[in-house]
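With mmCIF, C-alpha atoms and all ligand atoms inside, this is query.cif:
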```
data_start
loop_
_atom_site.label_atom_id
_atom_site.label_comp_id
_atom_site.auth_asym_id
_atom_site.auth_seq_id
_atom_site.Cartn_x
_atom_site.Cartn_y
_atom_site.Cartn_z
CA MET A 1 -35.85 12.02 16.30
CA LYS A 2 -35.47 15.16 18.40
CA GLN A 3 -36.08 15.61 22.14
CA VAL A 4 -38.87 18.13 22.71
CA ASP A 5 -40.38 18.91 26.14
CA LEU A 6 -40.30 17.28 29.57
CA LEU A 7 -43.30 14.98 30.05
CA TYR A 8 -42.63 13.76 33.55
CA SER A 9 -39.90 13.92 36.15
CA GLY A 10 -39.77 11.21 38.81
CA LYS A 11 -37.40 10.67 41.73
CA ALA A 12 -34.50 9.38 39.61
CA LYS A 13 -35.58 9.58 35.95
CA SER A 14 -37.06 12.13 33.58
CA VAL A 15 -39.15 11.32 30.51
CA TYR A 16 -39.15 13.65 27.48
CA ARG A 17 -41.45 13.78 24.48
CA THR A 18 -39.81 13.72 21.06
CA ASP A 19 -40.96 14.95 17.67
CA ASP A 20 -42.22 11.38 17.10
CA PRO A 21 -45.38 10.83 19.24
CA GLY A 22 -44.59 7.12 19.44
CA VAL A 23 -41.18 7.68 21.02
CA TYR A 24 -40.09 9.10 24.38
CA ILE A 25 -36.61 9.62 25.76
CA MET A 26 -35.99 8.31 29.27
CA LYS A 27 -33.11 10.01 31.06
CA PHE A 28 -31.49 8.33 34.08
CA ARG A 29 -30.42 11.09 36.48
CA ASP A 30 -27.77 10.87 39.19
CA ASP A 31 -30.42 11.33 41.91
CA ILE A 32 -31.04 8.53 44.37
CA THR A 33 -33.84 8.37 46.95
CA ALA A 34 -35.12 5.88 49.49
CA PHE A 35 -37.82 5.55 52.15
CA ASP A 36 -40.59 7.24 50.17
CA GLY A 37 -38.26 10.14 49.31
CA GLY A 38 -37.19 10.56 52.97
CA LYS A 39 -33.50 10.04 52.07
CA LYS A 40 -32.13 11.82 48.97
CA ASP A 41 -28.75 12.34 47.37
CA THR A 42 -27.10 12.98 44.03
CA LEU A 43 -24.27 10.60 43.17
CA GLY A 44 -22.21 11.53 40.11
CA GLY A 45 -22.22 8.74 37.51
CA LYS A 46 -25.10 6.75 38.98
CA GLY A 47 -27.47 7.52 36.09
CA ARG A 48 -25.02 6.06 33.61
CA TYR A 49 -24.74 2.71 35.44
CA ASN A 50 -28.51 2.34 35.72
CA ALA A 51 -28.99 3.33 32.06
CA GLU A 52 -26.39 0.79 30.91
CA VAL A 53 -27.83 -2.04 32.99
CA SER A 54 -31.45 -1.23 32.09
CA SER A 55 -30.64 -1.02 28.36
CA PHE A 56 -28.78 -4.30 28.53
CA PHE A 57 -31.59 -6.12 30.36
CA PHE A 58 -34.29 -4.72 28.04
CA ARG A 59 -32.36 -5.94 25.00
CA TYR A 60 -31.76 -9.30 26.67
CA LEU A 61 -35.46 -9.71 27.48
CA GLU A 62 -36.38 -8.85 23.88
CA GLU A 63 -33.90 -11.50 22.68
CA ASN A 64 -35.73 -13.92 24.96
CA GLY A 65 -39.16 -13.10 23.53
CA ILE A 66 -40.36 -10.67 26.23
CA LYS A 67 -41.74 -7.38 24.90
CA THR A 68 -40.40 -4.16 26.44
CA HIS A 69 -40.58 -0.43 25.69
CA TYR A 70 -36.87 -0.29 24.77
CA LEU A 71 -35.98 1.07 21.32
CA SER A 72 -32.35 2.23 21.38
CA SER A 73 -29.61 3.89 23.37
CA VAL A 74 -29.50 7.69 22.95
CA ASP A 75 -26.46 8.57 25.04
CA PRO A 76 -24.77 6.96 28.08
CA THR A 77 -27.56 8.16 30.41
CA ALA A 78 -30.63 8.06 28.13
CA ILE A 79 -32.64 5.55 26.13
CA ALA A 80 -35.35 5.90 23.51
CA VAL A 81 -38.50 4.01 24.48
CA ARG A 82 -41.93 3.41 22.98
CA SER A 83 -44.48 5.84 24.40
CA LEU A 84 -46.74 3.87 26.75
CA THR A 85 -49.85 4.42 28.79
CA MET A 86 -48.44 3.25 32.10
CA ILE A 87 -50.41 0.90 34.35
CA PRO A 88 -49.88 2.22 37.93
CA LEU A 89 -48.79 -1.12 39.41
CA GLU A 90 -45.43 -2.02 40.94
CA VAL A 91 -45.13 -5.72 40.21
CA ILE A 92 -42.56 -7.23 42.57
CA VAL A 93 -41.24 -10.76 42.12
CA ARG A 94 -39.54 -12.28 45.15
CA ASN A 95 -37.24 -15.33 45.09
CA VAL A 96 -35.77 -14.80 48.55
CA ALA A 97 -37.40 -13.06 51.52
CA ALA A 98 -35.95 -9.59 52.16
CA GLY A 99 -37.11 -6.02 52.66
CA SER A 100 -40.77 -5.24 53.26
CA ILE A 101 -41.94 -8.86 53.13
CA VAL A 102 -39.72 -9.60 56.15
CA ARG A 103 -40.85 -6.45 57.97
CA ASN A 104 -44.55 -7.15 57.35
CA TYR A 105 -44.86 -10.95 57.51
CA PRO A 106 -43.24 -13.79 59.49
CA PHE A 107 -40.59 -14.63 56.87
CA ARG A 108 -36.94 -14.98 57.82
CA GLU A 109 -34.53 -12.78 55.83
CA GLY A 110 -32.80 -15.03 53.29
CA GLU A 111 -35.58 -17.67 53.26
CA VAL A 112 -35.97 -19.06 49.73
CA LEU A 113 -39.45 -18.52 48.26
CA ASP A 114 -40.17 -21.37 45.84
CA PRO A 115 -42.30 -20.83 43.87
CA ALA A 116 -41.47 -17.15 43.56
CA VAL A 117 -43.96 -14.80 45.24
CA ILE A 118 -45.53 -11.93 43.28
CA VAL A 119 -46.54 -8.88 45.29
CA ILE A 120 -48.29 -5.98 43.57
CA ASP A 121 -48.29 -2.46 45.01
CA TYR A 122 -50.35 0.52 43.87
CA LYS A 123 -47.91 3.05 42.37
CA SER A 124 -49.11 6.18 44.11
CA ASP A 125 -46.87 8.52 46.10
CA ALA A 126 -50.00 10.10 47.62
CA HIS A 127 -51.04 6.71 49.04
CA HIS A 128 -47.47 5.50 49.79
CA ASP A 129 -47.63 2.55 47.38
CA PRO A 130 -50.00 0.25 49.35
CA MET A 131 -50.15 -3.44 48.54
CA LEU A 132 -53.04 -4.48 46.29
CA ASN A 133 -54.80 -7.76 45.67
CA ASP A 134 -56.51 -8.93 42.48
CA ASP A 135 -59.98 -7.75 43.59
CA LEU A 136 -58.67 -4.28 44.46
CA ILE A 137 -56.93 -4.08 41.07
CA TYR A 138 -60.21 -4.89 39.27
CA ALA A 139 -62.30 -2.62 41.55
CA LEU A 140 -59.91 0.29 40.93
CA GLY A 141 -60.06 -0.42 37.19
CA LEU A 142 -56.27 -0.75 36.99
CA ALA A 143 -56.31 -3.94 34.91
CA THR A 144 -58.77 -6.56 33.70
CA PRO A 145 -58.42 -10.20 34.83
CA GLU A 146 -56.93 -11.05 31.41
CA GLU A 147 -54.45 -8.18 31.61
CA LEU A 148 -53.46 -9.10 35.17
CA ASP A 149 -52.90 -12.74 34.17
CA GLN A 150 -50.68 -11.54 31.34
CA ILE A 151 -48.75 -9.15 33.60
CA LYS A 152 -48.09 -11.91 36.15
CA ALA A 153 -47.02 -14.38 33.44
CA MET A 154 -44.65 -11.80 31.95
CA ALA A 155 -43.21 -10.97 35.39
CA LEU A 156 -42.49 -14.66 36.03
CA ALA A 157 -40.93 -15.03 32.58
CA VAL A 158 -38.66 -12.04 33.29
CA ASN A 159 -37.75 -13.65 36.61
CA ILE A 160 -36.61 -16.89 34.96
CA VAL A 161 -34.55 -15.11 32.29
CA LEU A 162 -32.87 -12.63 34.67
CA SER A 163 -32.32 -15.11 37.54
CA GLU A 164 -30.45 -17.49 35.23
CA TYR A 165 -28.42 -14.68 33.67
CA LEU A 166 -27.38 -13.29 37.05
CA ALA A 167 -26.75 -16.71 38.64
CA ALA A 168 -24.17 -17.41 35.92
CA ARG A 169 -22.36 -14.29 37.17
CA GLY A 170 -22.46 -15.30 40.84
CA ILE A 171 -25.40 -13.04 41.70
CA THR A 172 -28.70 -14.04 43.35
CA LEU A 173 -31.74 -12.16 42.09
CA VAL A 174 -33.45 -11.75 45.47
CA ASP A 175 -36.33 -9.63 44.19
CA PHE A 176 -37.14 -6.93 41.64
CA LYS A 177 -39.87 -4.51 40.67
CA LEU A 178 -41.34 -4.15 37.19
CA GLU A 179 -43.78 -1.67 35.73
CA PHE A 180 -45.91 -2.32 32.68
CA GLY A 181 -47.56 -0.10 30.11
CA LYS A 182 -49.84 -0.40 27.11
CA THR A 183 -49.16 0.55 23.54
CA ASN A 184 -51.77 -0.23 20.86
CA ASP A 185 -53.40 -2.56 23.41
CA GLU A 186 -50.20 -4.57 23.78
CA ILE A 187 -48.77 -4.88 27.30
CA VAL A 188 -44.99 -4.41 27.50
CA VAL A 189 -42.40 -4.04 30.27
CA GLY A 190 -41.68 -0.35 30.89
CA ASP A 191 -39.76 1.82 33.37
CA GLU A 192 -36.31 0.46 34.31
CA ILE A 193 -34.56 -2.71 35.43
CA SER A 194 -31.56 -1.50 37.39
CA MET A 195 -29.77 -1.61 40.72
CA ASP A 196 -32.44 0.83 41.97
CA SER A 197 -35.26 -1.63 41.27
CA MET A 198 -33.65 -4.99 42.04
CA ARG A 199 -32.25 -6.62 45.15
CA LEU A 200 -29.04 -8.48 44.24
CA TRP A 201 -26.85 -10.51 46.58
CA ASP A 202 -23.38 -11.85 45.89
CA LYS A 203 -23.77 -15.65 45.93
CA GLU A 204 -20.50 -16.20 47.81
CA THR A 205 -20.44 -13.39 50.35
CA GLY A 206 -24.14 -12.47 50.58
CA ALA A 207 -23.13 -8.81 50.12
CA SER A 208 -25.79 -6.41 48.81
CA LEU A 209 -25.07 -5.19 45.27
CA ASP A 210 -28.00 -2.77 44.90
CA LYS A 211 -29.81 0.21 46.41
CA ASP A 212 -29.85 -1.45 49.86
CA VAL A 213 -26.21 -0.26 50.08
CA TYR A 214 -27.61 3.29 49.92
CA ARG A 215 -30.73 2.63 52.01
CA PHE A 216 -28.81 1.09 54.91
CA ASN A 217 -25.36 2.73 54.57
CA LYS A 218 -23.76 -0.64 53.81
CA GLY A 219 -20.78 0.76 51.89
CA ASP A 220 -19.74 2.87 48.92
CA VAL A 221 -22.80 3.10 46.66
CA MET A 222 -20.96 4.15 43.51
CA GLU A 223 -18.28 1.50 43.93
CA THR A 224 -21.03 -1.09 44.33
CA TYR A 225 -23.00 0.14 41.29
CA ALA A 226 -19.84 0.28 39.13
CA GLY A 227 -18.80 -3.23 40.21
CA VAL A 228 -22.17 -4.88 39.69
CA ALA A 229 -22.72 -3.12 36.34
CA LYS A 230 -19.38 -4.53 35.18
CA ARG A 231 -20.33 -8.04 36.33
CA ILE A 232 -23.74 -7.79 34.60
CA LEU A 233 -22.31 -6.49 31.34
CA SER A 234 -19.45 -9.04 31.15
CA PRO A 235 -19.55 -12.69 30.12
CA PRO A 236 -19.58 -15.12 33.10
CA GLY A 237 -16.22 -15.35 34.85
CA GLU A 238 -14.73 -12.35 33.03
CA GLU A 239 -16.03 -9.52 35.18
CA SER A 240 -12.69 -9.00 36.95
CA ALA A 241 -10.75 -8.96 33.65
P1 LIG A 301 -39.55 -3.90 49.13
O1 LIG A 301 -41.03 -4.12 49.00
O2 LIG A 301 -38.87 -5.01 49.86
O3 LIG A 301 -39.22 -2.52 49.65
O4 LIG A 301 -38.99 -3.90 47.62
C1 LIG A 301 -38.98 -5.08 46.84
C2 LIG A 301 -38.16 -4.86 45.59
O5 LIG A 301 -38.86 -3.95 44.73
C3 LIG A 301 -36.79 -4.23 45.82
O6 LIG A 301 -35.89 -4.78 44.87
C4 LIG A 301 -37.01 -2.75 45.59
O7 LIG A 301 -35.83 -2.13 45.12
C5 LIG A 301 -38.11 -2.77 44.54
N1 LIG A 301 -39.04 -1.65 44.73
C6 LIG A 301 -40.13 -1.60 45.51
N2 LIG A 301 -40.73 -0.40 45.45
C7 LIG A 301 -39.99 0.34 44.60
C8 LIG A 301 -40.10 1.69 44.12
O8 LIG A 301 -41.02 2.46 44.43
N3 LIG A 301 -39.13 2.10 43.23
C9 LIG A 301 -38.11 1.26 42.85
N4 LIG A 301 -37.19 1.73 41.99
N5 LIG A 301 -38.00 0.00 43.28
C10 LIG A 301 -38.92 -0.45 44.15
#
```

Mind turning the file's structure into structure tokens?
Ligand code: 5GP
Amino acid sequence: MKQVDLLYSGKAKSVYRTDDPGVYIMKFRDDITAFDGGKKDTLGGKGRYNAEVSSFFFRYLEENGIKTHYLSSVDPTAIAVRSLTMIPLEVIVRNVAAGSIVRNYPFREGEVLDPAVIVIDYKSDAHHDPMLNDDLIYALGLATPEELDQIKAMALAVNIVLSEYLAARGITLVDFKLEFGKTNDEIVVGDEISMDSMRLWDKETGASLDKDVYRFNKGDVMETYAGVAKRILSPPGEESA
């Protein structure tokens, strides 16, 4: 399989076609952005941490029976993925109130949300990712009721698998964003699952271990990404070894 031309370049990742039409290469760049692109930087090494963590979580989800686009690791910053027709939804699962749900609704930061709350935004830079509801999703033709039910069920299944995995490593999965795509009419998890798309809090200290460190200048972003990647990739209790 050989990388051919650039298909798409987003804020932090680039997707390349390959000589196999069923396979794309997703490259995690060192770029980091926040606030709808209003804050931007390039942090050397960041792409590698997000690629490692995403690859690991995709493999772990597959082992747990959840279909993803992941095929293989290409190099430390790139993965081979199945080519998908992406569904332009940002499916956010929230276990603890933080971020926009606290800004927009009367939740207290840190309030546990049980059962988990699913929020779905329209992935559209031009429209600034507005929140959708089921009727808007059908009216816009973004998914059928059956597809939306499947997407929500898959998002909740991912939540259970990842929450348990992270809890064993002393990390609370506060919330995360998934994107889905279709291949041969099968819906699979696409995009990335990384520190850029999750909110992670240390269970003991409550410290942010994710992109909030960058968004709100809470500390050294690269130190945080390196530390949390090590914790995620190590067996429980061995991350400081
Ligand atoms: P919030 O709605 O509170 O800003 O974000 C909720 C969760 O979804 C956070 O973990 C955040 O990182 C993730 N998220 C929301 N929108 C985006 C987005 O456009 N890109 C990425 N990478 N993550 C997002």

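Interatomic distance, CA of Leu200 (chain A) against CA of Gly45 (chain A): 19.7 Å.
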
Region 118-168 of chain A residues near region 48-56 of chain A within 12 Å, closest pair each, using only C-alpha atoms, as a Markdown table:
```
| residue | atom | partner | partner_atom | distance |
| --- | --- | --- | --- | --- |
| A:Leu162 | CA | A:Phe56 | CA | 11.1 |
| A:Tyr165 | CA | A:Phe56 | CA | 11.6 |
| A:Leu166 | CA | A:Val53 | CA | 12.0 |
```

Give me the residues near region 170-175 of chain A as a count of residues only, where near means some atom within 6 Å (using all atoms listed in the file) and where sequence neighbours in that chain fewer than 4 positions away do not count.
12

Could you check how far CA of Gly44 (chain A) sits from CA of Gly10 (chain A), in Å to one decimal?
17.6 Å

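For the choices A:Ser234, A:Ser73, A:Ser194, A:Asn104, the atom-to-atom distance to Lys46 (chain A) is smallest for A:Ser194 when using only C-alpha atoms.
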
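Coordinates place CA of Lys177 (chain A) at a distance of 6.5 Å from atom O7 of ligand LIG 301 (chain A).
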
What are the nearest atom pairs, with distances in Å to one decimal, for all residues of chain A that come at most 7 Å from ligand LIG 301 (chain A), using only C-alpha atoms and all ligand atoms, set out by chain and rising residue number as JSON lines?
```
{"residue": "A:Glu90", "atom": "CA", "partner": "A:LIG301", "partner_atom": "N2", "distance": 6.7}
{"residue": "A:Ile92", "atom": "CA", "partner": "A:LIG301", "partner_atom": "O5", "distance": 5.4}
{"residue": "A:Ala98", "atom": "CA", "partner": "A:LIG301", "partner_atom": "O2", "distance": 5.9}
{"residue": "A:Gly99", "atom": "CA", "partner": "A:LIG301", "partner_atom": "O2", "distance": 3.5}
{"residue": "A:Ser100", "atom": "CA", "partner": "A:LIG301", "partner_atom": "O2", "distance": 3.9}
{"residue": "A:Ile101", "atom": "CA", "partner": "A:LIG301", "partner_atom": "O2", "distance": 5.9}
{"residue": "A:Asp175", "atom": "CA", "partner": "A:LIG301", "partner_atom": "O6", "distance": 4.9}
{"residue": "A:Phe176", "atom": "CA", "partner": "A:LIG301", "partner_atom": "O6", "distance": 4.1}
{"residue": "A:Lys177", "atom": "CA", "partner": "A:LIG301", "partner_atom": "O5", "distance": 4.2}
{"residue": "A:Asp196", "atom": "CA", "partner": "A:LIG301", "partner_atom": "N4", "distance": 4.8}
{"residue": "A:Ser197", "atom": "CA", "partner": "A:LIG301", "partner_atom": "N5", "distance": 3.8}
{"residue": "A:Met198", "atom": "CA", "partner": "A:LIG301", "partner_atom": "O6", "distance": 3.6}
{"residue": "A:Arg199", "atom": "CA", "partner": "A:LIG301", "partner_atom": "O6", "distance": 4.1}
{"residue": "A:Lys211", "atom": "CA", "partner": "A:LIG301", "partner_atom": "O7", "distance": 6.6}
```

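The residue set within 12 Å of Asp129 (chain A), counting only C-alpha atoms and dropping same-chain residues fewer than 4 places from it, reads Phe35, Asp36, Pro88, Leu89, Glu90, Val91, Ser100, Val119, Ile120, Asp121, Tyr122, Lys123, Ser124 and Asp125 of chain A.
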
Which residue, A:Arg82, A:Lys67, A:Arg169, A:Lys11, has the smallest gap to Ala155 (chain A) when you use only C-alpha atoms?
A:Lys67

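Nearest-residue note for Arg59 (chain A): choosing from A:Ala207, A:Ala153, A:Ile193, A:Val228, the minimum distance belongs to A:Ile193, counting only C-alpha atoms.
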
Repaired coordinates for region 135-146 of chain A (all heavy atoms) as a PDB file, keeping the file's coordinate frame:
```
ATOM      1  N   ASP A 135     -58.662  -8.402  43.544  1.00  0.00           N
ATOM      2  CA  ASP A 135     -59.980  -7.750  43.590  1.00  0.00           C
ATOM      3  C   ASP A 135     -59.849  -6.234  43.629  1.00  0.00           C
ATOM      4  O   ASP A 135     -60.620  -5.518  42.992  1.00  0.00           O
ATOM      5  CB  ASP A 135     -60.772  -8.227  44.811  1.00  0.00           C
ATOM      6  CG  ASP A 135     -61.373  -9.611  44.589  1.00  0.00           C
ATOM      7  OD1 ASP A 135     -61.334 -10.097  43.445  1.00  0.00           O
ATOM      8  OD2 ASP A 135     -61.872 -10.197  45.568  1.00  0.00           O
ATOM      9  N   LEU A 136     -58.875  -5.736  44.399  1.00  0.00           N
ATOM     10  CA  LEU A 136     -58.670  -4.280  44.460  1.00  0.00           C
ATOM     11  C   LEU A 136     -58.236  -3.747  43.085  1.00  0.00           C
ATOM     12  O   LEU A 136     -58.659  -2.669  42.669  1.00  0.00           O
ATOM     13  CB  LEU A 136     -57.613  -3.929  45.508  1.00  0.00           C
ATOM     14  CG  LEU A 136     -58.089  -3.946  46.961  1.00  0.00           C
ATOM     15  CD1 LEU A 136     -56.891  -3.915  47.912  1.00  0.00           C
ATOM     16  CD2 LEU A 136     -59.005  -2.766  47.241  1.00  0.00           C
ATOM     17  N   ILE A 137     -57.401  -4.513  42.408  1.00  0.00           N
ATOM     18  CA  ILE A 137     -56.930  -4.080  41.070  1.00  0.00           C
ATOM     19  C   ILE A 137     -58.110  -3.979  40.107  1.00  0.00           C
ATOM     20  O   ILE A 137     -58.244  -2.997  39.368  1.00  0.00           O
ATOM     21  CB  ILE A 137     -55.845  -5.058  40.548  1.00  0.00           C
ATOM     22  CG1 ILE A 137     -54.566  -4.892  41.392  1.00  0.00           C
ATOM     23  CG2 ILE A 137     -55.561  -4.827  39.058  1.00  0.00           C
ATOM     24  CD1 ILE A 137     -53.494  -5.930  41.146  1.00  0.00           C
ATOM     25  N   TYR A 138     -59.038  -4.947  40.160  1.00  0.00           N
ATOM     26  CA  TYR A 138     -60.210  -4.890  39.270  1.00  0.00           C
ATOM     27  C   TYR A 138     -61.136  -3.748  39.709  1.00  0.00           C
ATOM     28  O   TYR A 138     -61.641  -2.987  38.885  1.00  0.00           O
ATOM     29  CB  TYR A 138     -61.004  -6.203  39.279  1.00  0.00           C
ATOM     30  CG  TYR A 138     -60.170  -7.440  39.033  1.00  0.00           C
ATOM     31  CD1 TYR A 138     -60.473  -8.649  39.671  1.00  0.00           C
ATOM     32  CD2 TYR A 138     -59.078  -7.402  38.170  1.00  0.00           C
ATOM     33  CE1 TYR A 138     -59.705  -9.777  39.456  1.00  0.00           C
ATOM     34  CE2 TYR A 138     -58.308  -8.542  37.959  1.00  0.00           C
ATOM     35  CZ  TYR A 138     -58.620  -9.718  38.607  1.00  0.00           C
ATOM     36  OH  TYR A 138     -57.857 -10.830  38.401  1.00  0.00           O
ATOM     37  N   ALA A 139     -61.359  -3.638  41.042  1.00  0.00           N
ATOM     38  CA  ALA A 139     -62.300  -2.620  41.550  1.00  0.00           C
ATOM     39  C   ALA A 139     -61.799  -1.207  41.233  1.00  0.00           C
ATOM     40  O   ALA A 139     -62.596  -0.303  40.974  1.00  0.00           O
ATOM     41  CB  ALA A 139     -62.502  -2.793  43.057  1.00  0.00           C
ATOM     42  N   LEU A 140     -60.479  -1.034  41.253  1.00  0.00           N
ATOM     43  CA  LEU A 140     -59.910   0.290  40.930  1.00  0.00           C
ATOM     44  C   LEU A 140     -59.801   0.500  39.422  1.00  0.00           C
ATOM     45  O   LEU A 140     -59.402   1.587  38.975  1.00  0.00           O
ATOM     46  CB  LEU A 140     -58.511   0.428  41.569  1.00  0.00           C
ATOM     47  CG  LEU A 140     -58.490   0.604  43.092  1.00  0.00           C
ATOM     48  CD1 LEU A 140     -57.094   0.358  43.655  1.00  0.00           C
ATOM     49  CD2 LEU A 140     -58.973   2.007  43.479  1.00  0.00           C
ATOM     50  N   GLY A 141     -60.114  -0.541  38.653  1.00  0.00           N
ATOM     51  CA  GLY A 141     -60.060  -0.420  37.190  1.00  0.00           C
ATOM     52  C   GLY A 141     -58.645  -0.307  36.661  1.00  0.00           C
ATOM     53  O   GLY A 141     -58.408   0.279  35.602  1.00  0.00           O
ATOM     54  N   LEU A 142     -57.671  -0.885  37.405  1.00  0.00           N
ATOM     55  CA  LEU A 142     -56.270  -0.750  36.990  1.00  0.00           C
ATOM     56  C   LEU A 142     -55.888  -1.766  35.924  1.00  0.00           C
ATOM     57  O   LEU A 142     -54.990  -1.512  35.122  1.00  0.00           O
ATOM     58  CB  LEU A 142     -55.352  -0.886  38.211  1.00  0.00           C
ATOM     59  CG  LEU A 142     -55.603   0.144  39.330  1.00  0.00           C
ATOM     60  CD1 LEU A 142     -54.718  -0.147  40.525  1.00  0.00           C
ATOM     61  CD2 LEU A 142     -55.373   1.556  38.819  1.00  0.00           C
ATOM     62  N   ALA A 143     -56.553  -2.915  35.935  1.00  0.00           N
ATOM     63  CA  ALA A 143     -56.310  -3.940  34.910  1.00  0.00           C
ATOM     64  C   ALA A 143     -57.492  -4.895  34.904  1.00  0.00           C
ATOM     65  O   ALA A 143     -58.179  -5.044  35.924  1.00  0.00           O
ATOM     66  CB  ALA A 143     -55.021  -4.717  35.232  1.00  0.00           C
ATOM     67  N   THR A 144     -57.721  -5.528  33.768  1.00  0.00           N
ATOM     68  CA  THR A 144     -58.770  -6.560  33.700  1.00  0.00           C
ATOM     69  C   THR A 144     -58.146  -7.884  34.141  1.00  0.00           C
ATOM     70  O   THR A 144     -56.914  -8.016  34.188  1.00  0.00           O
ATOM     71  CB  THR A 144     -59.277  -6.723  32.250  1.00  0.00           C
ATOM     72  OG1 THR A 144     -58.185  -7.231  31.456  1.00  0.00           O
ATOM     73  CG2 THR A 144     -59.776  -5.403  31.667  1.00  0.00           C
ATOM     74  N   PRO A 145     -58.985  -8.887  34.457  1.00  0.00           N
ATOM     75  CA  PRO A 145     -58.420 -10.200  34.830  1.00  0.00           C
ATOM     76  C   PRO A 145     -57.467 -10.731  33.757  1.00  0.00           C
ATOM     77  O   PRO A 145     -56.402 -11.270  34.077  1.00  0.00           O
ATOM     78  CB  PRO A 145     -59.646 -11.090  34.979  1.00  0.00           C
ATOM     79  CG  PRO A 145     -60.742 -10.138  35.378  1.00  0.00           C
ATOM     80  CD  PRO A 145     -60.459  -8.866  34.631  1.00  0.00           C
ATOM     81  N   GLU A 146     -57.809 -10.551  32.489  1.00  0.00           N
ATOM     82  CA  GLU A 146     -56.930 -11.050  31.410  1.00  0.00           C
ATOM     83  C   GLU A 146     -55.605 -10.294  31.419  1.00  0.00           C
ATOM     84  O   GLU A 146     -54.537 -10.883  31.262  1.00  0.00           O
ATOM     85  CB  GLU A 146     -57.603 -10.874  30.030  1.00  0.00           C
ATOM     86  CG  GLU A 146     -58.856 -11.715  29.805  1.00  0.00           C
ATOM     87  CD  GLU A 146     -60.064 -11.242  30.615  1.00  0.00           C
ATOM     88  OE1 GLU A 146     -60.159 -10.028  30.915  1.00  0.00           O
ATOM     89  OE2 GLU A 146     -60.904 -12.098  30.977  1.00  0.00           O
TER      90      GLU A 146
END
```
